[in-house]
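So the structure is just underneath, and the comments pick up after that.
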Amino acid sequence: MPELPEVETTRKGIEPHLLGQKVRLVLVRQDQLRWPISAGLGQAVTGQMIDAVERRGKYLFLVTAAGRVMIHLGMSGSLRIQSPSAPLKTHDHVDFVLANEQILRFHDPRRFGSIFWLPGESDHSLLRSLGPEPLTTAFSAAYLFGVSRGKSVAVKNFLMNSHIVVGVGNIYANESLYLAGIRPEKPAGKVSLARYARLVDRVKEVLASAIEAGGTTLRDFVHEDGSPGYFKQSLHVYGRGGEACLGCAGILKEVRLGQRTTVFCSRCQR
DNA sequence: AGTCGCGCCTGGCGGC
DNA sequence: TGCCGCCAGGCGCGAC
């Protein structure tokens with residue numbers, strides 16, 4: 001479920017609990033996620049101190065001197081900090097037990113998430129072709145305009161492609177395109193530089209606001225302490241198909257685009 | 001090379 | 001109440 005704001009919210013939430021802590025034990029109850037959990041994970045990370053908690057796109061990294069634990073939350077994954085007395089729930093697949101007995105617990109009903117151990121300075125093939133971070137200057141109108149020329153794919157699918165830009169999923173793609181006044185089905189290669197400038201600005205604003213609000217909780221996204229995010233109340237189109245457009249009071253349309261629900265206003269978005 | 005659709009899973013909801 | 005189909009914050013891969 002998580003897009004960049006939810007992953008960043010998770011990162012900021014777990015970081016203060018993990019920095020300087022040693023991993024005492026790793027308990028893997030279910031290792032069949034999107035991909036099998038790296039077989040040597042427990043042995044590799046046990047005894048290691050967590051020096052940093054980083055994020056690249058929707059991937060989180062627990063950084064140690066020996067290497068990095070790479071975590072993706074998929075559609076339904078979450079990470080929480082729990083005490084040893086917290087009852088175990090169904091789909092609590094992995095525990096990282098810290099030296100202070102607190103537990104970093106990975107929970108993922110649909111098991112679309114993944115956990116890898118990356119030894120030393122090594123990288124993972126999944127990281128190699130990722131696009132720029134949306135909240136950096138590398139994500140610009142000139143960049144989007146340049147990489148989109150000649151592409152017939154719908155601009156919404158283009159925006160959700162992690163090889164183009166990381167972190168923008170279905171909620172924030174819908175929201176950004178609405179705020180930029182761009183129709184989601186428009187071929188990416190036909191969008192002008194000026195309109196990409198608007199889109200880039202709106203993507204940055206929406207993601208930053210969502211991070212500030214602690215992410216969007218629709219169903220099961222929770223913070224490290226179990227609390228929800230509050231950006232849902234700021235959504236303009238996502239989940240509002242058939243309701244009134246907040247700009248023109250027309251009825252918001254809902255269609256399928258790339259197997260994902262897409263909501264837009266046919267009057268405000270061209 | 002680009003584009004499209006499938007499938008990995010579980011759970012919740014609406015309809016019959 | 002049950003059963004069934006459909007939907008869900010993602011995304012890599014194989015088939016054209």
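Just remember, in the structure tokens the first chain shown is A, the second B, etc., residues are 1-based per chain, and ligands are 1-based in the order shown.
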Per-residue nearest contacts chain A to chain B, cut-off 10 Å, using only C-alpha atoms (C1' of nucleotides), as a tab-separated table:
residue	atom	partner	partner_atom	distance
A:Leu33	CA	B:DC9	C1'	9.0
A:Arg34	CA	B:DC8	C1'	6.7
A:Trp35	CA	B:DC8	C1'	9.5
A:Ser76	CA	B:DT10	C1'	9.4
A:His91	CA	B:DT10	C1'	9.5
A:Asp108	CA	B:DT10	C1'	9.3
A:Pro109	CA	B:DT10	C1'	5.6
A:Arg110	CA	B:DC9	C1'	4.4
A:Arg111	CA	B:DC9	C1'	5.9
A:Phe112	CA	B:DC9	C1'	7.0
A:Gly150	CA	B:DG2	C1'	9.8
A:Lys151	CA	B:DG2	C1'	7.6
A:Ser152	CA	B:DT3	C1'	8.4
A:Val153	CA	B:DT3	C1'	7.0
A:Arg219	CA	B:DG12	C1'	9.8
A:Gly258	CA	B:DC4	C1'	7.9
A:Gln259	CA	B:DG5	C1'	8.1
Practice problem: Kindly determine which residues of chain C lie within 12 Å of chain A, considering only C-alpha atoms (C1' of nucleotides), and give the answer as a list in words. | Solution: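 Only these qualify: DC7, DA8, DG9, DG10, DC11 and DG12 of chain C.
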Store the residues picked out above in a file with all heavy atoms, as a CSV table (one decimal), in the first residue's frame.
chain,number,residue,atom,x,y,z
C,7,DC,P,-13.1,-4.9,-10.2
C,7,DC,OP1,-13.8,-3.9,-11.0
C,7,DC,OP2,-12.1,-5.9,-10.7
C,7,DC,O5',-12.4,-4.2,-8.9
C,7,DC,C5',-13.2,-3.4,-8.0
C,7,DC,C4',-12.4,-3.2,-6.8
C,7,DC,O4',-12.4,-4.5,-6.1
C,7,DC,C3',-10.9,-2.9,-7.0
C,7,DC,O3',-10.7,-1.5,-6.8
C,7,DC,C2',-10.2,-3.7,-5.9
C,7,DC,C1',-11.2,-4.6,-5.3
C,7,DC,N1,-10.8,-6.0,-5.3
C,7,DC,C2,-10.5,-6.6,-4.1
C,7,DC,O2,-10.6,-5.9,-3.0
C,7,DC,N3,-10.1,-7.9,-4.0
C,7,DC,C4,-10.1,-8.6,-5.1
C,7,DC,N4,-9.7,-9.9,-5.0
C,7,DC,C5,-10.4,-8.0,-6.4
C,7,DC,C6,-10.8,-6.8,-6.4
C,8,DA,P,-9.2,-1.0,-7.2
C,8,DA,OP1,-9.4,0.4,-7.5
C,8,DA,OP2,-8.6,-1.9,-8.2
C,8,DA,O5',-8.4,-1.2,-5.9
C,8,DA,C5',-8.7,-0.5,-4.7
C,8,DA,C4',-7.8,-0.9,-3.6
C,8,DA,O4',-8.2,-2.3,-3.2
C,8,DA,C3',-6.3,-1.1,-4.0
C,8,DA,O3',-5.6,0.1,-3.9
C,8,DA,C2',-5.8,-2.1,-3.0
C,8,DA,C1',-7.0,-3.0,-2.7
C,8,DA,N9,-7.0,-4.3,-3.4
C,8,DA,C8,-7.1,-4.5,-4.8
C,8,DA,N7,-7.1,-5.8,-5.1
C,8,DA,C5,-6.9,-6.4,-3.9
C,8,DA,C6,-6.8,-7.8,-3.5
C,8,DA,N6,-6.9,-8.8,-4.4
C,8,DA,N1,-6.7,-8.1,-2.2
C,8,DA,C2,-6.6,-7.1,-1.3
C,8,DA,N3,-6.7,-5.8,-1.5
C,8,DA,C4,-6.9,-5.5,-2.8
C,9,DG,P,-5.2,0.9,-5.2
C,9,DG,OP1,-6.1,2.0,-5.4
C,9,DG,OP2,-4.8,-0.1,-6.2
C,9,DG,O5',-3.8,1.7,-4.7
C,9,DG,C5',-3.5,1.9,-3.4
C,9,DG,C4',-2.1,2.5,-3.4
C,9,DG,O4',-1.9,3.1,-2.1
C,9,DG,C3',-1.0,1.4,-3.5
C,9,DG,O3',0.2,2.0,-3.9
C,9,DG,C2',-0.9,1.0,-2.0
C,9,DG,C1',-0.9,2.4,-1.4
C,9,DG,N9,-1.4,2.4,0.0
C,9,DG,C8,-0.8,3.0,1.0
C,9,DG,N7,-1.4,3.0,2.2
C,9,DG,C5,-2.5,2.2,1.9
C,9,DG,C6,-3.5,1.8,2.7
C,9,DG,O6,-3.7,2.0,3.9
C,9,DG,N1,-4.5,1.0,2.1
C,9,DG,C2,-4.4,0.7,0.7
C,9,DG,N2,-5.4,-0.1,0.3
C,9,DG,N3,-3.4,1.1,0.0
C,9,DG,C4,-2.5,1.8,0.6
C,10,DG,P,0.8,1.6,-5.2
C,10,DG,OP1,2.0,2.4,-5.5
C,10,DG,OP2,-0.2,1.5,-6.3
C,10,DG,O5',1.3,0.1,-4.8
C,10,DG,C5',2.2,-0.1,-3.8
C,10,DG,C4',3.4,-0.9,-4.2
C,10,DG,O4',2.9,-2.2,-4.6
C,10,DG,C3',4.2,-0.4,-5.4
C,10,DG,O3',5.5,-0.7,-5.2
C,10,DG,C2',3.6,-1.1,-6.6
C,10,DG,C1',3.3,-2.5,-6.0
C,10,DG,N9,2.1,-3.1,-6.6
C,10,DG,C8,0.9,-2.6,-7.0
C,10,DG,N7,0.1,-3.4,-7.4
C,10,DG,C5,0.7,-4.7,-7.4
C,10,DG,C6,0.3,-6.0,-7.7
C,10,DG,O6,-0.8,-6.3,-8.2
C,10,DG,N1,1.3,-6.9,-7.5
C,10,DG,C2,2.6,-6.6,-7.0
C,10,DG,N2,3.4,-7.7,-6.8
C,10,DG,N3,3.0,-5.4,-6.6
C,10,DG,C4,2.0,-4.5,-6.8
C,11,DC,P,6.6,-0.2,-6.2
C,11,DC,OP1,7.9,-0.1,-5.4
C,11,DC,OP2,6.1,0.9,-7.0
C,11,DC,O5',6.8,-1.5,-7.2
C,11,DC,C5',7.2,-2.7,-6.7
C,11,DC,C4',7.2,-3.7,-7.8
C,11,DC,O4',5.9,-4.1,-8.2
C,11,DC,C3',7.8,-3.1,-9.1
C,11,DC,O3',8.7,-4.0,-9.7
C,11,DC,C2',6.6,-2.9,-10.0
C,11,DC,C1',5.8,-4.1,-9.6
C,11,DC,N1,4.4,-4.1,-9.9
C,11,DC,C2,3.7,-5.3,-10.1
C,11,DC,O2,4.4,-6.3,-10.0
C,11,DC,N3,2.4,-5.3,-10.5
C,11,DC,C4,1.8,-4.2,-10.6
C,11,DC,N4,0.5,-4.2,-11.0
C,11,DC,C5,2.4,-2.9,-10.4
C,11,DC,C6,3.7,-2.9,-10.1
C,12,DG,P,10.1,-3.6,-10.2
C,12,DG,OP1,10.9,-3.1,-9.1
C,12,DG,OP2,9.9,-2.7,-11.4
C,12,DG,O5',10.7,-5.0,-10.7
C,12,DG,C5',10.6,-6.1,-9.8
C,12,DG,C4',10.2,-7.3,-10.6
C,12,DG,O4',8.8,-7.3,-10.9
C,12,DG,C3',11.0,-7.5,-11.9
C,12,DG,O3',11.3,-8.9,-12.0
C,12,DG,C2',9.9,-7.1,-12.9
C,12,DG,C1',8.6,-7.5,-12.3
C,12,DG,N9,7.5,-6.7,-12.6
C,12,DG,C8,7.4,-5.3,-12.7
C,12,DG,N7,6.2,-4.9,-13.1
C,12,DG,C5,5.5,-6.1,-13.3
C,12,DG,C6,4.1,-6.3,-13.7
C,12,DG,O6,3.3,-5.4,-13.9
C,12,DG,N1,3.8,-7.6,-13.7
C,12,DG,C2,4.6,-8.7,-13.4
C,12,DG,N2,4.1,-9.9,-13.5
C,12,DG,N3,5.9,-8.5,-13.1
C,12,DG,C4,6.2,-7.2,-13.0
Exercise. Can you pull out every residue within 10 Å of A:Val255, counting only C-alpha atoms (C1' of nucleotides), but drop anything in the same chain fewer than 6 positions away, and send it as JSON, numbers by chain?
Key: {"A": [184, 185, 241, 261, 262, 263, 264]}
Self-check item: Secondary structure check, strand (DSSP E or B) residues of stretch 30-250 of chain A, as a PyMOL selection string
Solution: chain A and resi 32+36+49+52-56+59-63+67-72+78-82+92-98+103-107+114-119+154+187+216+230+244
Exercise. Give me, please, the distance in Å between atom CA of A:Val237 and atom CA of A:Ile251, quoted to one decimal.
Key: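 Between atom CA of A:Val237 and atom CA of A:Ile251 the gap works out to 10.6 Å.
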Self-check item: Contacts of stretch 100-107 of chain A within 7 Å, only C-alpha atoms (C1' of nucleotides), excl. fewer than 2 positions in-chain, as a list in words
Solution: Gly77, Ser78, Leu79, Arg80, Ile81, Gln82, Ser83, Pro84, His91, Asp92, His93, Val94, Asp95, Phe96, Val97, Leu98 and Pro109 of chain A
Self-check item: Distance of atom CA of A:Pro87 from atom CA of A:Ile71, expressed in Å to one decimal place
Solution: 22.9 Å
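Here the alpha helix (DSSP H) residues in stretch 67-174 of chain A, by DSSP on the backbone, are Ser125, Leu126, Leu127, Arg128, Ala141, Ala142, Tyr143, Leu144, Phe145, Gly146, Val147, Ser148, Val155, Lys156, Asn157, Phe158, Leu159, Asn170, Ile171, Tyr172, Ala173 and Asn174 of chain A.
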Convert the current residue selection to file output with N, CA and C atoms, as a compact mmCIF listing (two decimals), in the first residue's frame.
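Written file, again15.txt:
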# COMPACT_ATOMS: atom_id res chain seq x y z
N SER A 125 20.02 -5.70 -7.95
CA SER A 125 19.63 -5.41 -9.34
C SER A 125 18.34 -4.60 -9.41
N LEU A 126 17.46 -4.75 -8.38
CA LEU A 126 16.20 -4.01 -8.39
C LEU A 126 16.42 -2.50 -8.24
N LEU A 127 17.61 -2.13 -7.73
CA LEU A 127 17.88 -0.71 -7.49
C LEU A 127 18.54 -0.02 -8.68
N ARG A 128 19.07 -0.84 -9.58
CA ARG A 128 19.96 -0.27 -10.59
C ARG A 128 19.31 0.64 -11.60
N ALA A 141 11.01 19.39 -14.85
CA ALA A 141 10.20 19.43 -16.06
C ALA A 141 11.03 19.03 -17.28
N ALA A 142 12.26 19.53 -17.33
CA ALA A 142 13.13 19.22 -18.47
C ALA A 142 13.41 17.72 -18.54
N TYR A 143 13.63 17.11 -17.37
CA TYR A 143 13.88 15.67 -17.33
C TYR A 143 12.66 14.90 -17.83
N LEU A 144 11.48 15.19 -17.27
CA LEU A 144 10.27 14.45 -17.66
C LEU A 144 9.96 14.65 -19.14
N PHE A 145 10.10 15.88 -19.59
CA PHE A 145 9.83 16.19 -20.99
C PHE A 145 10.78 15.38 -21.88
N GLY A 146 12.03 15.37 -21.51
CA GLY A 146 13.04 14.67 -22.32
C GLY A 146 12.79 13.17 -22.43
N VAL A 147 12.51 12.53 -21.28
CA VAL A 147 12.36 11.07 -21.31
C VAL A 147 11.00 10.62 -21.83
N SER A 148 10.08 11.55 -22.00
CA SER A 148 8.74 11.17 -22.44
C SER A 148 8.55 11.29 -23.96
N VAL A 155 0.11 9.24 -19.50
CA VAL A 155 0.99 10.00 -18.61
C VAL A 155 0.89 9.50 -17.17
N LYS A 156 -0.29 8.99 -16.78
CA LYS A 156 -0.41 8.48 -15.41
C LYS A 156 0.45 7.23 -15.21
N ASN A 157 0.41 6.32 -16.17
CA ASN A 157 1.25 5.12 -16.07
C ASN A 157 2.73 5.49 -16.14
N PHE A 158 3.04 6.47 -16.94
CA PHE A 158 4.41 6.97 -17.06
C PHE A 158 4.90 7.48 -15.71
N LEU A 159 4.05 8.24 -15.04
CA LEU A 159 4.40 8.83 -13.74
C LEU A 159 4.55 7.77 -12.65
N ASN A 170 -0.46 4.95 -7.01
CA ASN A 170 -1.78 5.24 -7.55
C ASN A 170 -2.47 6.45 -6.91
N ILE A 171 -2.37 6.57 -5.60
CA ILE A 171 -3.02 7.72 -4.93
C ILE A 171 -2.43 9.03 -5.41
N TYR A 172 -1.12 9.16 -5.29
CA TYR A 172 -0.48 10.45 -5.54
C TYR A 172 -0.37 10.77 -7.02
N ALA A 173 -0.42 9.75 -7.89
CA ALA A 173 -0.47 10.02 -9.33
C ALA A 173 -1.82 10.66 -9.66
N ASN A 174 -2.90 10.08 -9.14
CA ASN A 174 -4.24 10.65 -9.35
C ASN A 174 -4.30 12.09 -8.84
